[in-house]
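> My structure is stored as work-v5.pdb, with PDB, C-alpha atoms.
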```
ATOM      1  CA  MET A   1      -2.073 -25.658  68.376
ATOM      2  CA  ASN A   2      -5.730 -24.982  67.698
ATOM      3  CA  ARG A   3      -5.376 -21.493  66.230
ATOM      4  CA  THR A   4      -5.898 -20.910  62.523
ATOM      5  CA  VAL A   5      -3.367 -19.050  60.386
ATOM      6  CA  ARG A   6      -5.555 -15.944  60.575
ATOM      7  CA  GLU A   7      -5.635 -16.046  64.380
ATOM      8  CA  ILE A   8      -1.853 -16.333  64.788
ATOM      9  CA  PRO A   9      -0.282 -12.871  65.312
ATOM     10  CA  LYS A  10       1.926 -12.019  62.348
ATOM     11  CA  ILE A  11       4.083  -9.248  60.931
ATOM     12  CA  GLU A  12       4.758  -8.197  57.344
ATOM     13  CA  LEU A  13       7.896  -6.424  56.173
ATOM     14  CA  HIS A  14       7.588  -6.490  52.362
ATOM     15  CA  CYS A  15       4.340  -4.928  51.148
ATOM     16  CA  HIS A  16       4.132  -2.320  48.381
ATOM     17  CA  LEU A  17       1.438   0.263  49.038
ATOM     18  CA  ASP A  18       0.369   0.851  45.436
ATOM     19  CA  GLY A  19       0.429  -2.840  44.546
ATOM     20  CA  SER A  20      -1.621  -3.770  47.597
ATOM     21  CA  VAL A  21      -4.673  -1.515  47.443
ATOM     22  CA  SER A  22      -7.936  -3.438  47.138
ATOM     23  CA  PRO A  23     -10.279  -3.553  44.129
ATOM     24  CA  GLU A  24     -12.823  -1.727  46.298
ATOM     25  CA  TYR A  25     -10.354   1.085  46.920
ATOM     26  CA  LEU A  26      -9.587   1.358  43.197
ATOM     27  CA  ALA A  27     -13.273   1.457  42.253
ATOM     28  CA  THR A  28     -14.060   4.075  44.877
ATOM     29  CA  GLN A  29     -11.149   6.301  43.919
ATOM     30  CA  ALA A  30     -11.926   6.005  40.216
ATOM     31  CA  GLU A  31     -15.516   7.111  40.873
ATOM     32  CA  GLU A  32     -14.555   9.937  43.257
ATOM     33  CA  GLN A  33     -11.925  11.292  40.872
ATOM     34  CA  ASN A  34     -13.893  10.616  37.671
ATOM     35  CA  ILE A  35     -11.079   8.504  36.217
ATOM     36  CA  ALA A  36     -11.665   5.626  33.812
ATOM     37  CA  LEU A  37      -9.774   2.643  35.198
ATOM     38  CA  ASP A  38      -9.329  -0.708  33.451
ATOM     39  CA  MET A  39      -9.595  -3.122  36.364
ATOM     40  CA  GLU A  40      -8.337  -5.976  34.194
ATOM     41  CA  LYS A  41      -4.965  -4.220  34.048
ATOM     42  CA  THR A  42      -4.582  -3.865  37.825
ATOM     43  CA  SER A  43      -3.740  -7.499  38.613
ATOM     44  CA  VAL A  44      -2.199 -10.624  37.098
ATOM     45  CA  ASP A  45      -2.849 -14.338  37.408
ATOM     46  CA  ASP A  46      -0.749 -17.474  37.116
ATOM     47  CA  ASP A  47      -0.356 -16.885  33.373
ATOM     48  CA  CYS A  48       1.888 -13.885  34.022
ATOM     49  CA  GLN A  49       5.101 -14.406  32.080
ATOM     50  CA  SER A  50       7.656 -12.135  33.721
ATOM     51  CA  LEU A  51       8.497  -9.414  36.219
ATOM     52  CA  VAL A  52       8.208  -6.862  33.394
ATOM     53  CA  GLU A  53       4.603  -7.903  32.685
ATOM     54  CA  TYR A  54       3.867  -7.910  36.415
ATOM     55  CA  LEU A  55       5.177  -4.367  36.906
ATOM     56  CA  GLY A  56       2.938  -3.125  34.092
ATOM     57  CA  CYS A  57      -0.064  -3.239  36.453
ATOM     58  CA  PHE A  58       1.253  -0.289  38.407
ATOM     59  CA  ASP A  59       0.748   2.130  35.516
ATOM     60  CA  GLU A  60      -3.005   1.625  35.787
ATOM     61  CA  ILE A  61      -3.178   1.621  39.594
ATOM     62  CA  LEU A  62      -1.186   4.846  39.942
ATOM     63  CA  LYS A  63      -3.758   6.797  37.926
ATOM     64  CA  VAL A  64      -5.890   7.090  41.074
ATOM     65  CA  MET A  65      -3.066   7.596  43.606
ATOM     66  CA  GLN A  66      -2.092  11.195  42.839
ATOM     67  CA  THR A  67      -3.958  13.172  45.531
ATOM     68  CA  GLU A  68      -3.484  13.648  49.251
ATOM     69  CA  LYS A  69      -6.814  11.969  50.052
ATOM     70  CA  SER A  70      -6.130   8.983  47.806
ATOM     71  CA  LEU A  71      -2.774   8.409  49.518
ATOM     72  CA  ILE A  72      -4.252   8.674  53.003
ATOM     73  CA  ASP A  73      -7.057   6.311  51.997
ATOM     74  CA  SER A  74      -4.611   3.839  50.443
ATOM     75  CA  VAL A  75      -2.711   3.345  53.703
ATOM     76  CA  VAL A  76      -5.949   2.845  55.617
ATOM     77  CA  ASP A  77      -7.167   0.381  52.968
ATOM     78  CA  VAL A  78      -4.049  -1.804  53.141
ATOM     79  CA  ALA A  79      -3.966  -1.622  56.950
ATOM     80  CA  ALA A  80      -7.566  -2.881  56.995
ATOM     81  CA  GLN A  81      -6.522  -5.851  54.871
ATOM     82  CA  ALA A  82      -3.596  -6.508  57.191
ATOM     83  CA  HIS A  83      -5.904  -6.397  60.204
ATOM     84  CA  ARG A  84      -8.141  -9.044  58.621
ATOM     85  CA  ASP A  85      -5.049 -11.230  58.133
ATOM     86  CA  GLY A  86      -4.131 -11.081  61.823
ATOM     87  CA  ILE A  87      -1.124  -8.829  61.201
ATOM     88  CA  LYS A  88       0.002  -6.770  64.181
ATOM     89  CA  TYR A  89       2.887  -4.885  62.556
ATOM     90  CA  ILE A  90       3.322  -3.940  58.901
ATOM     91  CA  GLU A  91       5.803  -1.908  56.902
ATOM     92  CA  LEU A  92       4.339  -0.382  53.730
ATOM     93  CA  ARG A  93       6.777   0.748  51.068
ATOM     94  CA  PHE A  94       6.121   3.247  48.312
ATOM     95  CA  ALA A  95       7.991   5.359  45.747
ATOM     96  CA  PRO A  96       7.108   9.046  46.297
ATOM     97  CA  LYS A  97       8.150  10.020  42.760
ATOM     98  CA  PHE A  98       5.269   7.934  41.366
ATOM     99  CA  HIS A  99       2.667  10.217  42.974
ATOM    100  CA  LEU A 100       3.538  13.658  41.578
ATOM    101  CA  ASP A 101       1.318  13.782  38.478
ATOM    102  CA  LYS A 102      -1.270  16.162  39.961
ATOM    103  CA  GLY A 103       1.023  18.665  41.580
ATOM    104  CA  LEU A 104       1.897  17.124  44.933
ATOM    105  CA  SER A 105       5.449  17.676  46.116
ATOM    106  CA  LEU A 106       7.623  14.851  47.428
ATOM    107  CA  LEU A 107       7.055  16.135  50.954
ATOM    108  CA  ASP A 108       3.288  16.291  50.322
ATOM    109  CA  VAL A 109       3.310  12.647  49.253
ATOM    110  CA  ILE A 110       5.324  11.385  52.203
ATOM    111  CA  SER A 111       3.306  13.475  54.650
ATOM    112  CA  ALA A 112       0.027  12.101  53.253
ATOM    113  CA  THR A 113       1.156   8.513  53.816
ATOM    114  CA  VAL A 114       2.148   9.420  57.385
ATOM    115  CA  GLN A 115      -1.335  10.843  57.910
ATOM    116  CA  GLY A 116      -2.701   7.579  56.532
ATOM    117  CA  ALA A 117      -0.591   5.529  58.939
ATOM    118  CA  MET A 118      -1.800   7.585  61.895
ATOM    119  CA  LYS A 119      -5.416   7.228  60.772
ATOM    120  CA  ALA A 120      -5.011   3.484  60.212
ATOM    121  CA  GLU A 121      -3.537   2.947  63.672
ATOM    122  CA  ALA A 122      -6.491   4.786  65.191
ATOM    123  CA  GLN A 123      -8.901   2.403  63.443
ATOM    124  CA  TYR A 124      -7.131  -0.964  63.598
ATOM    125  CA  SER A 125      -4.939  -2.855  66.052
ATOM    126  CA  VAL A 126      -2.021  -2.765  63.609
ATOM    127  CA  VAL A 127       1.220  -0.818  64.012
ATOM    128  CA  VAL A 128       1.864   0.787  60.612
ATOM    129  CA  ARG A 129       5.258   2.037  59.491
ATOM    130  CA  LEU A 130       6.495   3.237  56.091
ATOM    131  CA  LEU A 131       9.504   2.675  53.840
ATOM    132  CA  VAL A 132      10.437   5.089  51.062
ATOM    133  CA  CYS A 133      11.542   3.483  47.792
ATOM    134  CA  GLY A 134      14.071   4.847  45.399
ATOM    135  CA  MET A 135      13.814   3.286  41.946
ATOM    136  CA  LYS A 136      16.470   1.435  39.966
ATOM    137  CA  HIS A 137      15.590   3.278  36.762
ATOM    138  CA  HIS A 138      16.116   6.620  38.511
ATOM    139  CA  SER A 139      19.501   8.271  38.995
ATOM    140  CA  ASN A 140      21.384   8.311  42.278
ATOM    141  CA  ALA A 141      20.633  12.032  42.524
ATOM    142  CA  GLU A 142      16.895  11.453  42.100
ATOM    143  CA  ASN A 143      16.887   8.780  44.789
ATOM    144  CA  ILE A 144      18.911  10.929  47.172
ATOM    145  CA  GLU A 145      16.357  13.705  46.633
ATOM    146  CA  VAL A 146      13.728  11.345  48.066
ATOM    147  CA  PHE A 147      15.844   9.891  50.868
ATOM    148  CA  ARG A 148      16.869  13.282  52.269
ATOM    149  CA  TYR A 149      13.389  13.963  53.683
ATOM    150  CA  LEU A 150      13.806  11.094  56.130
ATOM    151  CA  HIS A 151      16.539  12.893  58.069
ATOM    152  CA  GLU A 152      15.640  16.501  57.262
ATOM    153  CA  GLN A 153      12.020  16.277  58.483
ATOM    154  CA  PRO A 154      11.882  15.133  62.140
ATOM    155  CA  SER A 155       8.071  15.040  62.044
ATOM    156  CA  LEU A 156       8.225  12.116  59.604
ATOM    157  CA  GLN A 157      10.705   9.984  61.497
ATOM    158  CA  LYS A 158       8.331   8.107  63.791
ATOM    159  CA  TYR A 159       6.475   6.600  60.853
ATOM    160  CA  VAL A 160       8.975   6.564  57.958
ATOM    161  CA  VAL A 161      11.533   4.069  59.202
ATOM    162  CA  GLY A 162      13.702   3.072  56.249
ATOM    163  CA  VAL A 163      14.504   3.037  52.544
ATOM    164  CA  ASP A 164      14.521   0.574  49.671
ATOM    165  CA  LEU A 165      15.483   0.393  46.009
ATOM    166  CA  ALA A 166      12.787  -1.268  43.920
ATOM    167  CA  GLY A 167      11.927  -1.906  40.270
ATOM    168  CA  GLY A 168      13.215  -4.255  37.595
ATOM    169  CA  GLU A 169      16.428  -6.163  38.236
ATOM    170  CA  GLU A 170      19.431  -6.348  35.924
ATOM    171  CA  ASP A 171      22.395  -8.649  36.507
ATOM    172  CA  ASP A 172      25.387  -7.237  38.371
ATOM    173  CA  ALA A 173      23.722  -3.848  38.835
ATOM    174  CA  MET A 174      23.760  -3.037  42.561
ATOM    175  CA  TYR A 175      26.903  -0.916  42.482
ATOM    176  CA  GLU A 176      25.249   1.448  40.018
ATOM    177  CA  PHE A 177      23.284   2.639  43.062
ATOM    178  CA  ALA A 178      26.215   2.754  45.485
ATOM    179  CA  GLU A 179      26.013   6.545  45.839
ATOM    180  CA  CYS A 180      22.397   6.733  47.000
ATOM    181  CA  ILE A 181      22.798   3.660  49.213
ATOM    182  CA  ALA A 182      25.898   5.212  50.797
ATOM    183  CA  TYR A 183      23.885   8.403  51.376
ATOM    184  CA  ALA A 184      21.221   6.417  53.239
ATOM    185  CA  LYS A 185      23.855   4.601  55.274
ATOM    186  CA  ALA A 186      25.690   7.839  56.128
ATOM    187  CA  HIS A 187      22.462   9.289  57.500
ATOM    188  CA  LYS A 188      21.776   6.154  59.553
ATOM    189  CA  LEU A 189      18.672   5.179  57.572
ATOM    190  CA  ASN A 190      17.549   1.560  57.761
ATOM    191  CA  ILE A 191      18.144  -0.154  54.417
ATOM    192  CA  THR A 192      16.418  -3.024  52.635
ATOM    193  CA  LEU A 193      17.178  -3.670  48.966
ATOM    194  CA  HIS A 194      15.415  -5.636  46.235
ATOM    195  CA  ALA A 195      17.905  -8.239  44.998
ATOM    196  CA  GLY A 196      18.005 -11.843  43.859
ATOM    197  CA  GLU A 197      14.461 -11.729  42.503
ATOM    198  CA  CYS A 198      15.523 -12.569  38.956
ATOM    199  CA  GLY A 199      18.311 -15.045  39.507
ATOM    200  CA  CYS A 200      21.393 -12.858  39.959
ATOM    201  CA  ASN A 201      23.051 -13.820  43.214
ATOM    202  CA  LYS A 202      25.834 -11.261  42.745
ATOM    203  CA  ASN A 203      23.169  -8.614  43.360
ATOM    204  CA  VAL A 204      22.456 -10.193  46.743
ATOM    205  CA  TYR A 205      26.146 -10.404  47.658
ATOM    206  CA  ASP A 206      26.591  -6.765  46.645
ATOM    207  CA  ALA A 207      23.456  -5.603  48.478
ATOM    208  CA  ILE A 208      24.868  -7.083  51.679
ATOM    209  CA  LYS A 209      28.257  -5.404  51.075
ATOM    210  CA  LEU A 210      26.510  -2.083  50.478
ATOM    211  CA  GLY A 211      24.754  -2.250  53.839
ATOM    212  CA  ALA A 212      21.347  -3.868  53.405
ATOM    213  CA  LYS A 213      20.044  -5.466  56.587
ATOM    214  CA  ARG A 214      17.205  -7.121  54.683
ATOM    215  CA  ILE A 215      16.912  -8.428  51.118
ATOM    216  CA  GLY A 216      13.681  -7.954  49.174
ATOM    217  CA  HIS A 217      12.856 -11.397  47.753
ATOM    218  CA  GLY A 218      16.359 -12.905  47.439
ATOM    219  CA  VAL A 219      14.898 -16.255  46.360
ATOM    220  CA  SER A 220      17.822 -16.958  44.040
ATOM    221  CA  SER A 221      19.902 -17.278  47.224
ATOM    222  CA  LEU A 222      18.298 -20.638  47.923
ATOM    223  CA  LYS A 223      20.441 -22.194  45.186
ATOM    224  CA  ASP A 224      23.702 -20.949  46.716
ATOM    225  CA  THR A 225      24.687 -22.465  50.056
ATOM    226  CA  GLU A 226      27.669 -20.117  50.334
ATOM    227  CA  LEU A 227      25.345 -17.142  50.009
ATOM    228  CA  LEU A 228      22.930 -18.618  52.547
ATOM    229  CA  SER A 229      25.838 -18.962  54.961
ATOM    230  CA  LYS A 230      26.735 -15.317  54.352
ATOM    231  CA  LEU A 231      23.151 -14.212  55.034
ATOM    232  CA  LYS A 232      23.271 -16.116  58.307
ATOM    233  CA  ARG A 233      26.736 -14.811  59.212
ATOM    234  CA  GLU A 234      25.881 -11.181  58.384
ATOM    235  CA  ASP A 235      22.448 -11.530  60.035
ATOM    236  CA  VAL A 236      20.513 -10.350  56.951
ATOM    237  CA  LEU A 237      16.858 -11.319  56.580
ATOM    238  CA  LEU A 238      15.228 -12.576  53.367
ATOM    239  CA  GLU A 239      11.820 -10.997  52.677
ATOM    240  CA  ILE A 240      10.184 -13.910  50.834
ATOM    241  CA  CYS A 241       6.999 -13.400  48.778
ATOM    242  CA  PRO A 242       5.866 -16.834  47.481
ATOM    243  CA  CYS A 243       2.843 -16.085  45.271
ATOM    244  CA  SER A 244       4.436 -13.040  43.679
ATOM    245  CA  ASN A 245       7.619 -15.001  42.958
ATOM    246  CA  LEU A 246       5.603 -17.687  41.202
ATOM    247  CA  GLN A 247       3.818 -15.109  39.036
ATOM    248  CA  THR A 248       6.977 -13.234  38.036
ATOM    249  CA  LYS A 249       8.760 -16.540  37.338
ATOM    250  CA  ALA A 250      11.402 -15.745  39.950
ATOM    251  CA  ILE A 251      10.726 -19.362  40.919
ATOM    252  CA  GLN A 252       9.248 -22.152  38.819
ATOM    253  CA  ASN A 253       7.760 -24.191  41.634
ATOM    254  CA  ILE A 254       6.699 -23.411  45.187
ATOM    255  CA  ASN A 255       9.174 -26.046  46.413
ATOM    256  CA  ASP A 256      11.979 -23.791  45.163
ATOM    257  CA  ILE A 257      11.336 -21.849  48.379
ATOM    258  CA  ASP A 258      13.149 -24.400  50.512
ATOM    259  CA  ILE A 259      12.027 -23.282  53.954
ATOM    260  CA  PRO A 260      13.262 -26.494  55.631
ATOM    261  CA  LEU A 261      16.759 -25.582  54.387
ATOM    262  CA  LEU A 262      16.455 -22.016  55.691
ATOM    263  CA  LYS A 263      15.380 -23.362  59.067
ATOM    264  CA  GLN A 264      18.178 -25.929  59.080
ATOM    265  CA  LEU A 265      20.817 -23.281  58.339
ATOM    266  CA  ASP A 266      19.112 -20.732  60.627
ATOM    267  CA  VAL A 267      18.923 -18.114  57.860
ATOM    268  CA  PRO A 268      16.647 -15.203  58.870
ATOM    269  CA  PHE A 269      13.480 -14.980  56.741
ATOM    270  CA  LEU A 270       9.862 -13.888  56.757
ATOM    271  CA  ILE A 271       6.829 -14.618  54.562
ATOM    272  CA  ASN A 272       5.208 -11.575  52.912
ATOM    273  CA  THR A 273       2.649 -10.680  50.221
ATOM    274  CA  ASP A 274       4.645  -8.179  48.114
ATOM    275  CA  ASN A 275       1.606  -6.816  46.243
ATOM    276  CA  ARG A 276      -1.741  -7.938  47.602
ATOM    277  CA  GLY A 277      -3.843  -6.404  44.847
ATOM    278  CA  VAL A 278      -1.644  -7.151  41.849
ATOM    279  CA  THR A 279      -1.053 -10.744  42.965
ATOM    280  CA  ARG A 280      -4.610 -11.211  44.334
ATOM    281  CA  THR A 281      -3.288 -12.553  47.591
ATOM    282  CA  ASN A 282      -3.176 -11.984  51.333
ATOM    283  CA  LEU A 283      -0.873 -13.235  54.058
ATOM    284  CA  VAL A 284      -3.200 -16.048  55.087
ATOM    285  CA  LYS A 285      -3.112 -17.389  51.510
ATOM    286  CA  GLU A 286       0.692 -17.154  51.434
ATOM    287  CA  TYR A 287       1.058 -19.269  54.556
ATOM    288  CA  ALA A 288      -1.674 -21.664  53.427
ATOM    289  CA  LEU A 289       0.243 -22.328  50.202
ATOM    290  CA  LEU A 290       3.355 -23.224  52.182
ATOM    291  CA  LEU A 291       1.372 -25.367  54.614
ATOM    292  CA  ASP A 292      -0.366 -27.231  51.789
ATOM    293  CA  ASN A 293       3.018 -28.044  50.253
ATOM    294  CA  GLN A 294       4.451 -29.142  53.603
ATOM    295  CA  LEU A 295       7.155 -26.480  53.562
ATOM    296  CA  LEU A 296       6.291 -25.444  57.093
ATOM    297  CA  THR A 297       3.940 -26.369  59.919
ATOM    298  CA  LEU A 298       1.324 -24.344  61.759
ATOM    299  CA  GLU A 299       3.625 -24.406  64.788
ATOM    300  CA  ASP A 300       6.378 -22.748  62.740
ATOM    301  CA  ILE A 301       4.359 -19.601  62.021
ATOM    302  CA  PRO A 302       4.491 -17.858  65.435
ATOM    303  CA  LEU A 303       8.196 -18.693  65.762
ATOM    304  CA  ILE A 304       9.014 -17.318  62.289
ATOM    305  CA  ASN A 305       7.186 -14.091  63.027
ATOM    306  CA  LYS A 306       8.662 -13.575  66.476
ATOM    307  CA  LYS A 307      12.202 -14.090  65.124
ATOM    308  CA  ALA A 308      11.555 -11.751  62.176
ATOM    309  CA  LEU A 309      10.378  -8.925  64.425
ATOM    310  CA  LYS A 310      14.040  -8.429  65.350
ATOM    311  CA  TYR A 311      14.604  -7.192  61.779
ATOM    312  CA  ALA A 312      11.692  -4.742  61.707
ATOM    313  CA  PHE A 313      12.799  -1.127  61.357
ATOM    314  CA  VAL A 314      10.495   0.154  64.099
ATOM    315  CA  ASP A 315      11.964   1.618  67.303
ATOM    316  CA  SER A 316      13.013  -0.801  70.041
ATOM    317  CA  GLU A 317      10.355   0.346  72.505
ATOM    318  CA  THR A 318       7.524  -0.436  70.058
ATOM    319  CA  LYS A 319       9.203  -3.707  69.156
ATOM    320  CA  GLN A 320       9.355  -4.787  72.788
ATOM    321  CA  GLN A 321       5.713  -3.869  73.289
ATOM    322  CA  LEU A 322       4.718  -5.949  70.263
ATOM    323  CA  ILE A 323       6.693  -8.913  71.586
ATOM    324  CA  LYS A 324       5.143  -8.601  75.028
ATOM    325  CA  THR A 325       1.587  -8.267  73.675
ATOM    326  CA  TYR A 326       1.541 -10.717  70.771
ATOM    327  CA  PHE A 327       4.736 -12.722  70.328
ATOM    328  CA  ASP A 328       5.822 -13.866  73.767
ATOM    329  CA  VAL A 329       5.422 -17.559  72.894
TER     330      VAL A 329
END
```
Would you encode the structure as structure tokens?


Amino acid sequence: MNRTVREIPKIELHCHLDGSVSPEYLATQAEEQNIALDMEKTSVDDDCQSLVEYLGCFDEILKVMQTEKSLIDSVVDVAAQAHRDGIKYIELRFAPKFHLDKGLSLLDVISATVQGAMKAEAQYSVVVRLLVCGMKHHSNAENIEVFRYLHEQPSLQKYVVGVDLAGGEEDDAMYEFAECIAYAKAHKLNITLHAGECGCNKNVYDAIKLGAKRIGHGVSSLKDTELLSKLKREDVLLEICPCSNLQTKAIQNINDIDIPLLKQLDVPFLINTDNRGVTRTNLVKEYALLLDNQLLTLEDIPLINKKALKYAFVDSETKQQLIKTYFDV
């Protein structure tokens, strides 16, 4: 194979919109909105000590993501980054309740991101879809309030294709959110859940029981062969984010992401960025890190991405078109 990582068609399923906007976007929005932004607080480096410290960056970033235009522009900005990475399909996730400070309604926020996805697709050869995040520090009722728009507003359904629960992770906590997850499942919404980012495998087991078809991060699973077998048996994909996991100390060493073991056991997985801006990464860098540490080969990359497309939440017709155009290897 003579293609570079950038040239290989790829997909991304775990990318937070607010955490992935570029420094250029932040600077432009700060100037346009006359907001003082401390750029030093919008990203972390390898000295980051925890997930809590990592999540602190979002407070600064969200200052400039409270208007319709800023939300539209944010989707276009991240899609442009994805295009430069050679990504052909991306799912961007966001928490609508984080964008209400200047009077937008939840529907306004979701509609603005849909407008952004449509605009991005018109500019770049990337299929853009959206996931709505509930938050683990919000109540079930608050999260249901967000999720209900996905089945009550038909105009959103082409672009908003699933739900997630994000935020900090406490041990043995998934069933606290059983009500809002059950609501999503009852309304046939696609579900991915953050779990196993901070070492609690029971959260991963419970996320699967509750109906998740993908696990956000789930790196703690790599230490539990029984859990890996369950992921394989239940056909649940791990959304792995190497650089982010190193920064948040979800893993101590890149070799903790034992991709040879995942391949050997045929556990579904995909490599993602998580938060491009906060982590200062892109998808090419993520794969390069794994290549440099001999955790995968260049030949693995198209196969990983083609297999992972099965777990994308986009409609089957679009999925088949993507396979035919980019992934029929």

> Calculate how many Å separate atom CA of Glu12 of chain A from atom CA of Ile90 of chain A, rounding to one decimal.

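Between these atoms lies a distance of 4.8 Å.
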
> Between A:Ala82, A:Val127, A:Met65, A:Val219, single out the one closest to Tyr326 of chain A, counting all atoms listed in the file.

A:Val127

> Go through A:Cys243, A:Leu193, A:Leu227, A:Met135 and flag the residue nearest Gly162 of chain A, using all atoms listed in the file for the distances.

A:Leu193

> Please evaluate the PyMOL selection byres ((chain A and resi 66) around 6) against the displayed coordinates and give the resulting residues as a short mmCIF file (atom, residue, chain, number, x, y, z; two decimals) with C-alpha atoms, in the frame of the given file.


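Final output, selection15.cif:
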```cif
data_model
loop_
_atom_site.label_atom_id
_atom_site.label_comp_id
_atom_site.auth_asym_id
_atom_site.auth_seq_id
_atom_site.Cartn_x
_atom_site.Cartn_y
_atom_site.Cartn_z
CA VAL A 64 -5.89 7.09 41.07
CA MET A 65 -3.07 7.60 43.61
CA THR A 67 -3.96 13.17 45.53
CA HIS A 99 2.67 10.22 42.97
CA LYS A 102 -1.27 16.16 39.96
#
```

> Which residues match the PyMOL selection byres ((chain A and resi 179) around 12) in the file above, as a list in words?

Ser139, Asn140, Ala141, Glu142, Asn143, Ile144, Phe147, Met174, Tyr175, Glu176, Phe177, Ala178, Cys180, Ile181, Ala182, Tyr183, Ala184, Lys185, Ala186, Leu210 and Gly211 of chain A

> Expand the PyMOL selection byres ((chain A and resi 116) around 9) into the explicit residue set it covers here, and present it as a list in words.

Lys69, Leu71, Ile72, Asp73, Ser74, Val75, Val76, Ser111, Ala112, Thr113, Val114, Gln115, Ala117, Met118, Lys119, Ala120 and Glu121 of chain A

> Would you mind listing what lies within 10 Å of Ile215 of chain A as a list in words, with only C-alpha atoms counted and same-chain residues fewer than 4 positions away left out?

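With the cut-off at 10 Å, the set is His14, Asp164, Ile191, Thr192, Leu193, His194, Ala195, Gly196, Glu197, Asn203, Val204, Ala207, Ile208, Val219, Leu231, Val236, Leu237, Leu238, Glu239, Ile240 and Phe269 of chain A.
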